[in-house]
Every structure is written in structure tokens, then in C-alpha cells.
>>> print(open('work18.pdb').read())   # PDB, C-alpha atoms
ATOM      1  CA  MET A   1      -7.499   0.846  -7.132
ATOM      2  CA  ALA A   2      -7.819  -2.392  -9.089
ATOM      3  CA  GLU A   3      -8.341  -5.472  -6.962
ATOM      4  CA  ILE A   4      -6.397  -8.623  -7.772
ATOM      5  CA  PHE A   5      -8.221 -11.911  -7.304
ATOM      6  CA  LEU A   6      -6.898 -15.425  -6.924
ATOM      7  CA  ASP A   7      -7.271 -17.683  -9.939
ATOM      8  CA  GLU A   8      -6.900 -21.410  -9.281
ATOM      9  CA  SER A   9      -5.843 -22.104 -12.866
ATOM     10  CA  ILE A  10      -2.996 -19.579 -12.512
ATOM     11  CA  LEU A  11      -1.919 -21.033  -9.166
ATOM     12  CA  LYS A  12      -1.876 -24.534 -10.642
ATOM     13  CA  SER A  13       0.327 -23.346 -13.528
ATOM     14  CA  CYS A  14       3.277 -23.287 -11.106
ATOM     15  CA  GLU A  15       3.606 -27.062 -11.460
ATOM     16  CA  GLY A  16       7.028 -27.929 -12.842
ATOM     17  CA  ARG A  17       8.307 -24.348 -12.658
ATOM     18  CA  VAL A  18      11.764 -23.657 -11.219
ATOM     19  CA  VAL A  19      11.699 -21.043  -8.461
ATOM     20  CA  VAL A  20      14.459 -19.308  -6.472
ATOM     21  CA  ILE A  21      13.493 -17.645  -3.181
ATOM     22  CA  THR A  22      15.508 -15.766  -0.550
ATOM     23  CA  GLY A  23      14.372 -15.253   3.036
ATOM     24  CA  GLY A  24      12.492 -18.515   2.737
ATOM     25  CA  ALA A  25      12.964 -20.044   6.183
ATOM     26  CA  ASN A  26      10.431 -17.995   8.138
ATOM     27  CA  GLY A  27       7.280 -15.910   7.853
ATOM     28  CA  ILE A  28       6.047 -14.836   4.434
ATOM     29  CA  GLY A  29       9.039 -16.425   2.705
ATOM     30  CA  ALA A  30       8.419 -19.832   4.309
ATOM     31  CA  ALA A  31       4.725 -19.662   3.438
ATOM     32  CA  THR A  32       5.645 -18.879  -0.179
ATOM     33  CA  VAL A  33       8.079 -21.804  -0.302
ATOM     34  CA  ALA A  34       5.404 -24.156   1.045
ATOM     35  CA  ARG A  35       2.715 -22.912  -1.341
ATOM     36  CA  LEU A  36       4.882 -23.265  -4.433
ATOM     37  CA  TYR A  37       6.154 -26.664  -3.316
ATOM     38  CA  HIS A  38       2.612 -27.922  -2.794
ATOM     39  CA  SER A  39       1.727 -26.576  -6.251
ATOM     40  CA  GLY A  40       4.373 -28.799  -7.836
ATOM     41  CA  ALA A  41       7.192 -26.297  -8.326
ATOM     42  CA  HIS A  42      10.890 -27.020  -7.909
ATOM     43  CA  VAL A  43      11.816 -24.586  -5.140
ATOM     44  CA  PHE A  44      15.389 -23.571  -4.343
ATOM     45  CA  PHE A  45      15.185 -21.437  -1.235
ATOM     46  CA  SER A  46      17.697 -19.769   1.026
ATOM     47  CA  ASP A  47      17.998 -17.943   4.316
ATOM     48  CA  LEU A  48      20.641 -16.982   6.847
ATOM     49  CA  ASP A  49      18.656 -18.946   9.442
ATOM     50  CA  GLU A  50      20.001 -22.408   8.673
ATOM     51  CA  LYS A  51      18.167 -24.183  11.492
ATOM     52  CA  SER A  52      14.722 -23.035  10.364
ATOM     53  CA  GLY A  53      15.560 -23.546   6.693
ATOM     54  CA  VAL A  54      16.686 -27.135   7.172
ATOM     55  CA  ALA A  55      13.641 -27.848   9.352
ATOM     56  CA  LEU A  56      11.260 -26.492   6.701
ATOM     57  CA  GLU A  57      12.959 -28.526   3.982
ATOM     58  CA  LYS A  58      12.638 -31.720   6.032
ATOM     59  CA  ASP A  59       9.014 -31.023   6.978
ATOM     60  CA  LEU A  60       7.984 -30.456   3.370
ATOM     61  CA  GLN A  61       9.835 -33.508   2.096
ATOM     62  CA  ALA A  62       8.449 -35.708   4.889
ATOM     63  CA  ALA A  63       4.883 -34.782   3.948
ATOM     64  CA  SER A  64       5.461 -35.162   0.205
ATOM     65  CA  LYS A  65       2.505 -36.374  -1.862
ATOM     66  CA  PRO A  66       1.908 -36.972  -5.574
ATOM     67  CA  GLY A  67       1.680 -33.606  -7.310
ATOM     68  CA  HIS A  68       4.052 -31.898  -4.920
ATOM     69  CA  GLY A  69       7.285 -30.474  -6.240
ATOM     70  CA  THR A  70      10.810 -30.583  -4.880
ATOM     71  CA  CYS A  71      12.631 -28.266  -2.501
ATOM     72  CA  GLN A  72      16.242 -27.593  -1.652
ATOM     73  CA  PHE A  73      17.500 -25.297   1.105
ATOM     74  CA  THR A  74      20.834 -23.474   1.029
ATOM     75  CA  ARG A  75      22.191 -21.164   3.699
ATOM     76  CA  VAL A  76      22.856 -17.839   1.977
ATOM     77  CA  ASP A  77      23.842 -14.398   3.207
ATOM     78  CA  VAL A  78      22.074 -12.124   0.706
ATOM     79  CA  THR A  79      24.770  -9.466   1.112
ATOM     80  CA  ASP A  80      27.177 -11.927  -0.541
ATOM     81  CA  TYR A  81      26.765 -11.588  -4.307
ATOM     82  CA  ASN A  82      28.580 -14.819  -5.112
ATOM     83  CA  ALA A  83      26.474 -16.777  -2.622
ATOM     84  CA  GLN A  84      23.300 -15.588  -4.344
ATOM     85  CA  LEU A  85      24.824 -16.397  -7.714
ATOM     86  CA  ALA A  86      25.570 -19.945  -6.535
ATOM     87  CA  LEU A  87      21.937 -20.382  -5.450
ATOM     88  CA  PHE A  88      20.674 -19.551  -8.941
ATOM     89  CA  GLN A  89      23.354 -21.679 -10.545
ATOM     90  CA  SER A  90      22.346 -24.728  -8.508
ATOM     91  CA  ALA A  91      18.765 -24.401  -9.803
ATOM     92  CA  TYR A  92      19.968 -23.844 -13.361
ATOM     93  CA  GLU A  93      22.349 -26.796 -13.340
ATOM     94  CA  LYS A  94      19.636 -29.140 -12.104
ATOM     95  CA  HIS A  95      16.753 -28.008 -14.315
ATOM     96  CA  GLY A  96      18.305 -25.979 -17.149
ATOM     97  CA  CYS A  97      16.301 -22.859 -16.382
ATOM     98  CA  VAL A  98      14.961 -20.497 -13.716
ATOM     99  CA  ASP A  99      11.337 -19.462 -14.186
ATOM    100  CA  MET A 100      10.518 -17.384 -11.116
ATOM    101  CA  ALA A 101      12.491 -15.500  -8.483
ATOM    102  CA  VAL A 102      11.104 -14.062  -5.242
ATOM    103  CA  TYR A 103      13.130 -11.805  -2.942
ATOM    104  CA  CYS A 104      11.681 -12.131   0.577
ATOM    105  CA  ALA A 105      14.755 -11.363   2.697
ATOM    106  CA  GLY A 106      14.407  -8.352   4.985
ATOM    107  CA  ILE A 107      14.722  -6.953   8.501
ATOM    108  CA  ASN A 108      13.545  -3.732  10.169
ATOM    109  CA  GLU A 109      14.931  -1.254  12.676
ATOM    110  CA  MET A 110      13.703  -3.339  15.590
ATOM    111  CA  ALA A 111      15.998  -6.118  14.417
ATOM    112  CA  ALA A 112      18.871  -3.904  13.276
ATOM    113  CA  GLY A 113      19.057  -1.153  15.893
ATOM    114  CA  GLY A 114      20.983   2.092  15.371
ATOM    115  CA  SER A 115      18.112   4.061  13.864
ATOM    116  CA  ILE A 116      18.436   7.642  12.632
ATOM    117  CA  VAL A 117      16.010   9.040  15.195
ATOM    118  CA  SER A 118      16.267   7.536  18.646
ATOM    119  CA  ALA A 119      17.157   8.540  22.177
ATOM    120  CA  GLU A 120      20.402   6.582  21.788
ATOM    121  CA  ASN A 121      21.544   8.730  18.880
ATOM    122  CA  ASN A 122      23.501  11.542  20.511
ATOM    123  CA  LEU A 123      26.792  13.414  20.148
ATOM    124  CA  LYS A 124      28.660  10.487  21.673
ATOM    125  CA  THR A 125      27.080   7.548  19.854
ATOM    126  CA  VAL A 126      26.847   9.348  16.505
ATOM    127  CA  LYS A 127      30.642   9.063  16.189
ATOM    128  CA  ASP A 128      30.302   5.318  15.846
ATOM    129  CA  TYR A 129      29.696   3.896  12.377
ATOM    130  CA  PRO A 130      26.029   2.729  12.238
ATOM    131  CA  LYS A 131      26.834  -0.850  11.274
ATOM    132  CA  GLN A 132      23.448  -2.289  12.228
ATOM    133  CA  LEU A 133      21.587   0.333  10.223
ATOM    134  CA  MET A 134      23.802  -0.216   7.201
ATOM    135  CA  ASP A 135      23.394  -3.972   7.567
ATOM    136  CA  LEU A 136      19.657  -3.348   7.180
ATOM    137  CA  ILE A 137      20.267  -1.441   3.930
ATOM    138  CA  ASN A 138      22.597  -4.188   2.691
ATOM    139  CA  ILE A 139      20.017  -6.897   3.370
ATOM    140  CA  ASN A 140      16.841  -5.089   2.314
ATOM    141  CA  LEU A 141      18.141  -3.155  -0.686
ATOM    142  CA  ASN A 142      21.635  -4.099  -1.859
ATOM    143  CA  GLY A 143      20.850  -7.794  -1.557
ATOM    144  CA  CYS A 144      17.673  -7.211  -3.562
ATOM    145  CA  ILE A 145      19.624  -5.418  -6.297
ATOM    146  CA  TYR A 146      22.051  -8.357  -6.464
ATOM    147  CA  PHE A 147      19.130 -10.764  -6.652
ATOM    148  CA  ALA A 148      17.347  -8.814  -9.401
ATOM    149  CA  ARG A 149      20.477  -8.557 -11.536
ATOM    150  CA  ILE A 150      21.226 -12.275 -11.242
ATOM    151  CA  ALA A 151      17.608 -13.296 -11.822
ATOM    152  CA  MET A 152      17.358 -11.306 -15.052
ATOM    153  CA  ALA A 153      20.489 -12.967 -16.439
ATOM    154  CA  TYR A 154      19.120 -16.447 -15.741
ATOM    155  CA  PHE A 155      15.700 -15.524 -17.136
ATOM    156  CA  GLN A 156      17.329 -14.389 -20.363
ATOM    157  CA  GLU A 157      19.521 -17.488 -20.680
ATOM    158  CA  GLY A 158      16.597 -19.847 -20.239
ATOM    159  CA  SER A 159      14.041 -17.750 -22.100
ATOM    160  CA  ASP A 160      11.075 -19.665 -23.490
ATOM    161  CA  GLY A 161      10.149 -16.775 -25.802
ATOM    162  CA  SER A 162       6.603 -16.558 -24.461
ATOM    163  CA  HIS A 163       4.567 -13.362 -24.933
ATOM    164  CA  PRO A 164       3.650 -12.040 -22.490
ATOM    165  CA  PRO A 165       6.634 -13.429 -20.573
ATOM    166  CA  SER A 166       5.973 -16.322 -18.217
ATOM    167  CA  LYS A 167       9.126 -15.648 -16.185
ATOM    168  CA  CYS A 168       8.845 -13.210 -13.300
ATOM    169  CA  LEU A 169      10.864 -11.416 -10.645
ATOM    170  CA  THR A 170       8.808 -10.573  -7.561
ATOM    171  CA  MET A 171      10.298  -8.380  -4.850
ATOM    172  CA  ILE A 172       8.767  -7.982  -1.408
ATOM    173  CA  SER A 173       8.518  -4.377  -0.273
ATOM    174  CA  SER A 174       6.094  -3.124   2.382
ATOM    175  CA  ALA A 175       3.146  -0.840   2.976
ATOM    176  CA  ALA A 176       5.823   1.343   4.606
ATOM    177  CA  ALA A 177       6.947   2.163   1.056
ATOM    178  CA  PHE A 178       3.943   4.450   0.566
ATOM    179  CA  GLN A 179       2.559   4.848   4.080
ATOM    180  CA  GLU A 180       4.088   6.681   7.031
ATOM    181  CA  ALA A 181       6.252   4.367   9.161
ATOM    182  CA  PRO A 182       7.307   6.315  12.278
ATOM    183  CA  GLY A 183      10.647   5.283  13.745
ATOM    184  CA  MET A 184      11.693   3.098  10.817
ATOM    185  CA  PRO A 185      13.498   5.432   8.376
ATOM    186  CA  GLY A 186      16.050   2.860   7.234
ATOM    187  CA  TYR A 187      13.408   0.204   6.666
ATOM    188  CA  ALA A 188      11.063   2.602   4.860
ATOM    189  CA  ALA A 189      13.869   3.972   2.676
ATOM    190  CA  SER A 190      14.906   0.483   1.598
ATOM    191  CA  LYS A 191      11.333  -0.482   0.763
ATOM    192  CA  VAL A 192      10.652   2.702  -1.223
ATOM    193  CA  ALA A 193      13.835   2.002  -3.195
ATOM    194  CA  ILE A 194      12.488  -1.393  -4.258
ATOM    195  CA  LEU A 195       9.489   0.364  -5.832
ATOM    196  CA  GLY A 196      11.842   2.679  -7.699
ATOM    197  CA  MET A 197      13.915  -0.246  -8.955
ATOM    198  CA  MET A 198      10.842  -2.082 -10.233
ATOM    199  CA  ARG A 199       9.482   0.997 -11.979
ATOM    200  CA  SER A 200      12.803   1.554 -13.730
ATOM    201  CA  ILE A 201      12.941  -1.927 -15.278
ATOM    202  CA  ARG A 202       9.309  -2.970 -15.798
ATOM    203  CA  SER A 203       9.062  -1.598 -19.344
ATOM    204  CA  ILE A 204      12.482  -2.933 -20.348
ATOM    205  CA  ALA A 205      12.660  -6.426 -18.829
ATOM    206  CA  PRO A 206       9.976  -8.021 -21.062
ATOM    207  CA  THR A 207      12.014  -7.131 -24.157
ATOM    208  CA  THR A 208      15.592  -7.540 -22.952
ATOM    209  CA  ASN A 209      15.133 -10.520 -20.626
ATOM    210  CA  ASN A 210      11.711 -11.940 -21.560
ATOM    211  CA  ALA A 211      10.618 -11.400 -17.959
ATOM    212  CA  ARG A 212       8.074  -9.536 -15.891
ATOM    213  CA  VAL A 213       8.739  -7.725 -12.625
ATOM    214  CA  ASN A 214       6.356  -6.892  -9.779
ATOM    215  CA  VAL A 215       6.402  -5.771  -6.159
ATOM    216  CA  ILE A 216       4.306  -6.985  -3.243
ATOM    217  CA  CYS A 217       3.674  -4.568  -0.366
ATOM    218  CA  PRO A 218       2.245  -6.433   2.628
ATOM    219  CA  TRP A 219       0.378  -4.616   5.353
ATOM    220  CA  ALA A 220       0.985  -5.743   8.950
ATOM    221  CA  THR A 221       1.487  -9.513   8.912
ATOM    222  CA  GLU A 222       1.915 -11.790  11.896
ATOM    223  CA  THR A 223       5.603 -12.741  11.643
ATOM    224  CA  ASN A 224       8.729 -12.513  13.810
ATOM    225  CA  MET A 225       9.140  -8.958  12.535
ATOM    226  CA  THR A 226       5.892  -7.792  14.159
ATOM    227  CA  LYS A 227       5.460 -10.092  17.149
ATOM    228  CA  SER A 228       6.396  -7.444  19.744
ATOM    229  CA  HIS A 229       3.538  -5.254  18.454
ATOM    230  CA  ASN A 230       0.876  -7.842  17.668
ATOM    231  CA  HIS A 231      -1.051  -6.965  20.832
ATOM    232  CA  ILE A 232      -1.705  -3.449  19.531
ATOM    233  CA  PHE A 233      -3.633  -4.859  16.576
ATOM    234  CA  LYS A 234      -5.542  -7.377  18.656
ATOM    235  CA  ASP A 235      -6.381  -4.875  21.416
ATOM    236  CA  ASN A 236      -7.821  -2.484  18.852
ATOM    237  CA  ASP A 237      -9.689  -5.131  16.845
ATOM    238  CA  ILE A 238      -7.519  -4.581  13.745
ATOM    239  CA  PRO A 239      -7.195  -7.718  11.587
ATOM    240  CA  LEU A 240      -3.652  -9.047  11.414
ATOM    241  CA  GLN A 241      -3.126 -11.240   8.374
ATOM    242  CA  GLY A 242      -0.991 -14.363   8.407
ATOM    243  CA  PRO A 243       2.012 -15.191   6.183
ATOM    244  CA  ASP A 244      -0.036 -17.454   3.900
ATOM    245  CA  ASP A 245      -2.507 -14.629   3.270
ATOM    246  CA  VAL A 246       0.362 -12.778   1.612
ATOM    247  CA  ALA A 247       2.039 -15.825   0.059
ATOM    248  CA  LYS A 248      -1.004 -16.759  -2.007
ATOM    249  CA  PHE A 249      -0.944 -13.368  -3.717
ATOM    250  CA  ILE A 250       2.821 -13.609  -4.239
ATOM    251  CA  GLN A 251       2.152 -16.870  -6.070
ATOM    252  CA  GLN A 252      -0.710 -15.358  -8.086
ATOM    253  CA  VAL A 253       1.235 -12.281  -9.186
ATOM    254  CA  THR A 254       4.407 -14.231  -9.965
ATOM    255  CA  ALA A 255       2.590 -16.841 -12.031
ATOM    256  CA  ASP A 256       0.103 -14.651 -13.902
ATOM    257  CA  PRO A 257       1.608 -13.664 -17.305
ATOM    258  CA  LYS A 258      -0.789 -10.705 -17.555
ATOM    259  CA  ILE A 259       0.644  -8.981 -14.469
ATOM    260  CA  ASN A 260       3.726  -6.823 -15.010
ATOM    261  CA  GLY A 261       4.976  -3.631 -13.420
ATOM    262  CA  LYS A 262       2.498  -3.676 -10.571
ATOM    263  CA  VAL A 263       2.834  -2.606  -6.933
ATOM    264  CA  VAL A 264       0.424  -4.899  -5.134
ATOM    265  CA  TYR A 265      -0.726  -3.945  -1.649
ATOM    266  CA  VAL A 266      -1.848  -6.957   0.388
ATOM    267  CA  GLY A 267      -3.871  -6.151   3.486
ATOM    268  CA  ALA A 268      -6.811  -7.616   5.392
ATOM    269  CA  TYR A 269      -6.751 -10.705   3.154
ATOM    270  CA  ARG A 270      -7.182  -8.763  -0.120
ATOM    271  CA  ALA A 271      -4.817  -7.421  -2.792
ATOM    272  CA  PHE A 272      -4.897  -4.186  -4.779
ATOM    273  CA  ASP A 273      -2.738  -2.711  -7.530
ATOM    274  CA  ILE A 274      -1.856   0.797  -6.333
ATOM    275  CA  GLU A 275      -0.158   1.732  -9.624
ATOM    276  CA  GLU A 276      -3.547   1.827 -11.340
ATOM    277  CA  GLY A 277      -4.806   4.326  -8.783
ATOM    278  CA  LEU A 278      -1.717   6.505  -9.061
ATOM    279  CA  GLU A 279      -1.911   6.610 -12.855
ATOM    280  CA  ARG A 280      -5.654   7.265 -12.929
ATOM    281  CA  THR A 281      -5.429  10.205 -10.510
ATOM    282  CA  LEU A 282      -2.178  11.616 -11.926
ATOM    283  CA  PRO A 283      -3.756  14.901 -13.144
ATOM    284  CA  GLU A 284      -5.192  15.536  -9.676
ATOM    285  CA  TRP A 285      -1.936  15.375  -7.730
ATOM    286  CA  LEU A 286       0.628  16.282 -10.393
ATOM    287  CA  GLY A 287      -1.293  18.701 -12.588
ATOM    288  CA  GLN A 288      -2.354  18.280 -16.219
ATOM    289  CA  VAL A 289       0.581  20.338 -17.576
ATOM    290  CA  ASN A 290       3.074  17.954 -16.019
ATOM    291  CA  VAL A 291       1.067  14.903 -17.094
ATOM    292  CA  ASP A 292       1.255  16.128 -20.692
ATOM    293  CA  LEU A 293       5.041  16.536 -20.411
ATOM    294  CA  TRP A 294       5.398  13.041 -18.954
ATOM    295  CA  THR A 295       3.286  11.629 -21.777
ATOM    296  CA  LYS A 296       5.522  13.260 -24.390
ATOM    297  CA  GLN A 297       8.598  11.911 -22.607
ATOM    298  CA  THR A 298       7.135   8.392 -22.530
ATOM    299  CA  GLU A 299       6.323   8.550 -26.245
ATOM    300  CA  ALA A 300       9.829   9.808 -27.049
ATOM    301  CA  PHE A 301      11.488   6.965 -25.170
ATOM    302  CA  SER A 302       9.148   4.445 -26.738
ATOM    303  CA  ASN A 303      10.234   5.641 -30.179
ATOM    304  CA  GLY A 304      13.873   4.669 -29.709
ATOM    305  CA  ALA A 305      15.335   7.178 -27.277
ATOM    306  CA  LYS A 306      15.244   4.522 -24.562
ATOM    307  CA  ASN A 307      18.169   2.638 -26.089
ATOM    308  CA  ASP A 308      20.194   5.840 -26.435
ATOM    309  CA  TRP A 309      19.520   6.628 -22.779
ATOM    310  CA  LEU A 310      20.622   3.169 -21.642
ATOM    311  CA  LYS A 311      23.896   3.506 -23.526
ATOM    312  CA  THR A 312      24.706   6.850 -21.928
ATOM    313  CA  ASN A 313      26.910   6.962 -18.847
ATOM    314  CA  GLY A 314      26.841  10.106 -16.749
ATOM    315  CA  ASN A 315      26.270  11.775 -13.408
ATOM    316  CA  HIS A 316      23.692  14.246 -12.154
TER     317      HIS A 316
END
>>> encode(input="work18.pdb", output="C-alpha cells")
Amino acid sequence: MAEIFLDESILKSCEGRVVVITGGANGIGAATVARLYHSGAHVFFSDLDEKSGVALEKDLQAASKPGHGTCQFTRVDVTDYNAQLALFQSAYEKHGCVDMAVYCAGINEMAAGGSIVSAENNLKTVKDYPKQLMDLININLNGCIYFARIAMAYFQEGSDGSHPPSKCLTMISSAAAFQEAPGMPGYAASKVAILGMMRSIRSIAPTTNNARVNVICPWATETNMTKSHNHIFKDNDIPLQGPDDVAKFIQQVTADPKINGKVVYVGAYRAFDIEEGLERTLPEWLGQVNVDLWTKQTEAFSNGAKNDWLKTNGNH
């Protein structure tokens, strides 16, 4: 795997950039908001947790210093498409562009309840619609799809024509997207789907929307999502990273114009691009015959078939 290192010049390039962030009131999202704000960015962040969001906004503004940016909190339910649209529009109306977008909103089965495999799932309870489980999917995945679609439209409208693109969509997935996550099928499914979405648009977005797209997959991080299990890590001497340990790599990946189409695993204070490892070892786990077929397919789409495919509507 290729390690990704922090570059102070890249981090400083966030000054003056316009950033939209969801799930920004707590944990990794809040740390990302703070980092970008302190780097001089104009940060428009949202969360369903209004109390924490307003408190963070006030804290950042109260400690404002020369070189810091601006921040504005809005309460947003990410399952509401129009509410997300309004968040982007507020940034666009104030600054005339949106440069970066980071989707941090997410919950897991411990927060949602109603998992697929649990002692509570029996012939009686299975007759009830699994609202909590589907709420998880709506927040983690459907909300992310809304966010990605809206972000790409605003990137295109305010395109600066840079090559490689300076604008970037960064979506937060999880190590559970490629690592076994017992007891969290809904959470894992939603996080795997984010990888699939990124992989399906990474080669297209730079041309159609002058934007890059990447995914961050944090390992266990000390947030509200993990607090009931933090003792397991500490009792077994396993390092548990903090929100800022992830946020600094979110900032690096989002700001670095050379990084596109990457799945970046962040764990134990370091970051690695797992896509490089998958591509390098492709013949070992897929077989050379299939690699050759994939290569021919990639070349065919690169030679114009991609546009024909995008214009085709159909079902399996």
C-alpha cells in the first residue's frame, strides 16, 4: 500500500476555500470543521445535533485570530434533499463558488437498533418494518448520494478550470467497508456502497465536473460512535486514534490536487491508499485472464464507449 503523508503547503492551500460539510457538530466532522476553519477556509457545516453545532460555531468564532476563516452552522437532516441543497446554496450565494465538500454524517447499528442479526429479530418482531435500520441506510448512504449529486453540480457551476481539478468531494466511509464488522451489517453495507459510488465516478468527475472524488476509511476512532467499546481497545493496549488524527488526513486528501479516486485507510495515526494495493495485486486474487479482460474493457471505455454507456438506460 502507498502511504499518504501530510504536506504543510497543501494544508495551507485551504485558505480562502469554500467548504461544505455534513455531520460537522461532533467527532471527526467537528475536528474537520475546526481544522479547515483554522486554515482560513470558509466553512458551511451542518448536523442534526443543533445544540452541539451552535456551540462549535460560537467556540470557533470566539477564538478567532488573524488567518482564520469563517464558519456558519445550519441544522440539516441529511435525508432531506432540499435541506442539503439549501446548505450548498447558502455557501454559493455568499462566495460564488463551492470548492470542497465533505460528507461526515453517519450512524451505526448501536445508534439505530433493529439489526438484521440479533436476538430481538424473531418471528414476532420481524413483522414490524425496520425503521431504525432503514434510517441508518438513509443517513449513511442515501444522504451521501444526495450530497454527492449536489456537490458535483456546484463544482461544475463554479469551475475554475484547473488541471488537475482543485475541487474535491470527500466521503467518509469506514474500515468496515473492507474489513469484517460483526453485528453491523447495515453499517457495513452502507460504507461499502460509498466505495462503489466513488469508484463509479472517479474517472468521470474530473472531465464532467472539474472535480476529484475520494473516500476516507477511518479505523476505530474515539468518538460517540465507539465510546461504549473504548475500554476494549485500552484494555488490550490497542491504540485508539482521536478525531483530529483522521481530520488532518481528510484535509490533506481533499486539498491535494494530485489525489483522485483513492480509498484512504486512516489507522494508528497513519494513512494508506488501499486502491494501489488492490490494483498492484490484481493478478494474484483475480487471475491474469480476468485482468486482461478488464484492461481491454477499460481501454474500450476510454476510447469513447463511456459516453455511449452513460446515455443508455436499462435494467439488469
>>> closest_residue(input="work18.pdb", among="A:Gly40, A:Pro283, A:Gly27, A:Gly261", to="Ser64 in chain A", atoms="only C-alpha atoms")
A:Gly40
>>> residues_around(input="work18.pdb", residues="range 216-224 of chain A", least_positions_apart="4", cutoff="9 Å", atoms="all atoms listed in the file", output="PDB file with C-alpha atoms, in the coordinates of the input")
ATOM      1  CA  ASN A  26      10.431 -17.995   8.138  1.00  0.00           C
ATOM      2  CA  GLY A  27       7.280 -15.910   7.853  1.00  0.00           C
ATOM      3  CA  ILE A  28       6.047 -14.836   4.434  1.00  0.00           C
ATOM      4  CA  THR A 170       8.808 -10.573  -7.561  1.00  0.00           C
ATOM      5  CA  MET A 171      10.298  -8.380  -4.850  1.00  0.00           C
ATOM      6  CA  ILE A 172       8.767  -7.982  -1.408  1.00  0.00           C
ATOM      7  CA  SER A 173       8.518  -4.377  -0.273  1.00  0.00           C
ATOM      8  CA  SER A 174       6.094  -3.124   2.382  1.00  0.00           C
ATOM      9  CA  ALA A 175       3.146  -0.840   2.976  1.00  0.00           C
ATOM     10  CA  ALA A 176       5.823   1.343   4.606  1.00  0.00           C
ATOM     11  CA  ALA A 177       6.947   2.163   1.056  1.00  0.00           C
ATOM     12  CA  LYS A 191      11.333  -0.482   0.763  1.00  0.00           C
ATOM     13  CA  SER A 228       6.396  -7.444  19.744  1.00  0.00           C
ATOM     14  CA  ASN A 230       0.876  -7.842  17.668  1.00  0.00           C
ATOM     15  CA  PHE A 233      -3.633  -4.859  16.576  1.00  0.00           C
ATOM     16  CA  PRO A 239      -7.195  -7.718  11.587  1.00  0.00           C
ATOM     17  CA  LEU A 240      -3.652  -9.047  11.414  1.00  0.00           C
ATOM     18  CA  GLN A 241      -3.126 -11.240   8.374  1.00  0.00           C
ATOM     19  CA  GLY A 242      -0.991 -14.363   8.407  1.00  0.00           C
ATOM     20  CA  PRO A 243       2.012 -15.191   6.183  1.00  0.00           C
ATOM     21  CA  ASP A 245      -2.507 -14.629   3.270  1.00  0.00           C
ATOM     22  CA  VAL A 246       0.362 -12.778   1.612  1.00  0.00           C
ATOM     23  CA  PHE A 249      -0.944 -13.368  -3.717  1.00  0.00           C
ATOM     24  CA  ILE A 250       2.821 -13.609  -4.239  1.00  0.00           C
ATOM     25  CA  VAL A 253       1.235 -12.281  -9.186  1.00  0.00           C
ATOM     26  CA  LYS A 262       2.498  -3.676 -10.571  1.00  0.00           C
ATOM     27  CA  VAL A 263       2.834  -2.606  -6.933  1.00  0.00           C
ATOM     28  CA  VAL A 264       0.424  -4.899  -5.134  1.00  0.00           C
ATOM     29  CA  TYR A 265      -0.726  -3.945  -1.649  1.00  0.00           C
ATOM     30  CA  VAL A 266      -1.848  -6.957   0.388  1.00  0.00           C
ATOM     31  CA  GLY A 267      -3.871  -6.151   3.486  1.00  0.00           C
ATOM     32  CA  ALA A 268      -6.811  -7.616   5.392  1.00  0.00           C
ATOM     33  CA  ALA A 271      -4.817  -7.421  -2.792  1.00  0.00           C
TER      34      ALA A 271
END
>>> resolve_selection(input="work18.pdb", expression="the PyMOL selection byres ((chain A and resi 43) around 7)", output="ChimeraX atom specification")
/A:18-20,33,37,41-42,44-45,70-72
>>> residues_around(input="work18.pdb", residues="Leu6 in chain A", least_positions_apart="2", cutoff="12 Å", atoms="only C-alpha atoms", output="count of residues only")
23
>>> atom_distance(input="work18.pdb", atom1="CA of Pro185 in chain A", atom2="CA of Ile107 in chain A")
12.4 Å
>>> closest_residue(input="work18.pdb", among="A:Glu180, A:Asp135, A:Asp99, A:Asp235", to="Ser159 in chain A", atoms="all atoms listed in the file")
A:Asp99
>>> closest_residue(input="work18.pdb", among="A:Ile194, A:Ala300, A:Ala34, A:Ala101", to="Leu87 in chain A", atoms="all atoms listed in the file")
A:Ala101
>>> resolve_selection(input="work18.pdb", expression="the PyMOL selection byres ((chain A and resi 152) around 8)", output="list of chain:residue names")
A:Ala148, A:Arg149, A:Ile150, A:Ala151, A:Ala153, A:Tyr154, A:Phe155, A:Gln156, A:Leu169, A:Ala205, A:Asn209, A:Ala211
>>> atom_distance(input="work18.pdb", atom1="CA of Leu56 in chain A", atom2="CA of Glu109 in chain A")
26.2 Å
>>> atom_distance(input="work18.pdb", atom1="CA of Ala62 in chain A", atom2="CA of Arg17 in chain A")
20.9 Å
>>> resolve_selection(input="work18.pdb", expression="the PyMOL selection byres ((chain A and resi 202) around 8)", output="list in words")
Met198, Arg199, Ser200, Ile201, Ser203, Ile204, Ala205, Pro206, Arg212, Val213, Asn214, Asn260 and Gly261 of chain A
>>> closest_residue(input="work18.pdb", among="A:Ile274, A:Leu293, A:Ala193, A:Ile259", to="Ser166 in chain A", atoms="only C-alpha atoms")
A:Ile259
>>> closest_residue(input="work18.pdb", among="A:Phe73, A:Tyr81, A:Phe88, A:Trp294", to="Ile139 in chain A", atoms="only C-alpha atoms")
A:Tyr81
>>> closest_residue(input="work18.pdb", among="A:Arg75, A:His38, A:Lys167, A:His229", to="Ser52 in chain A", atoms="only C-alpha atoms")
A:Arg75
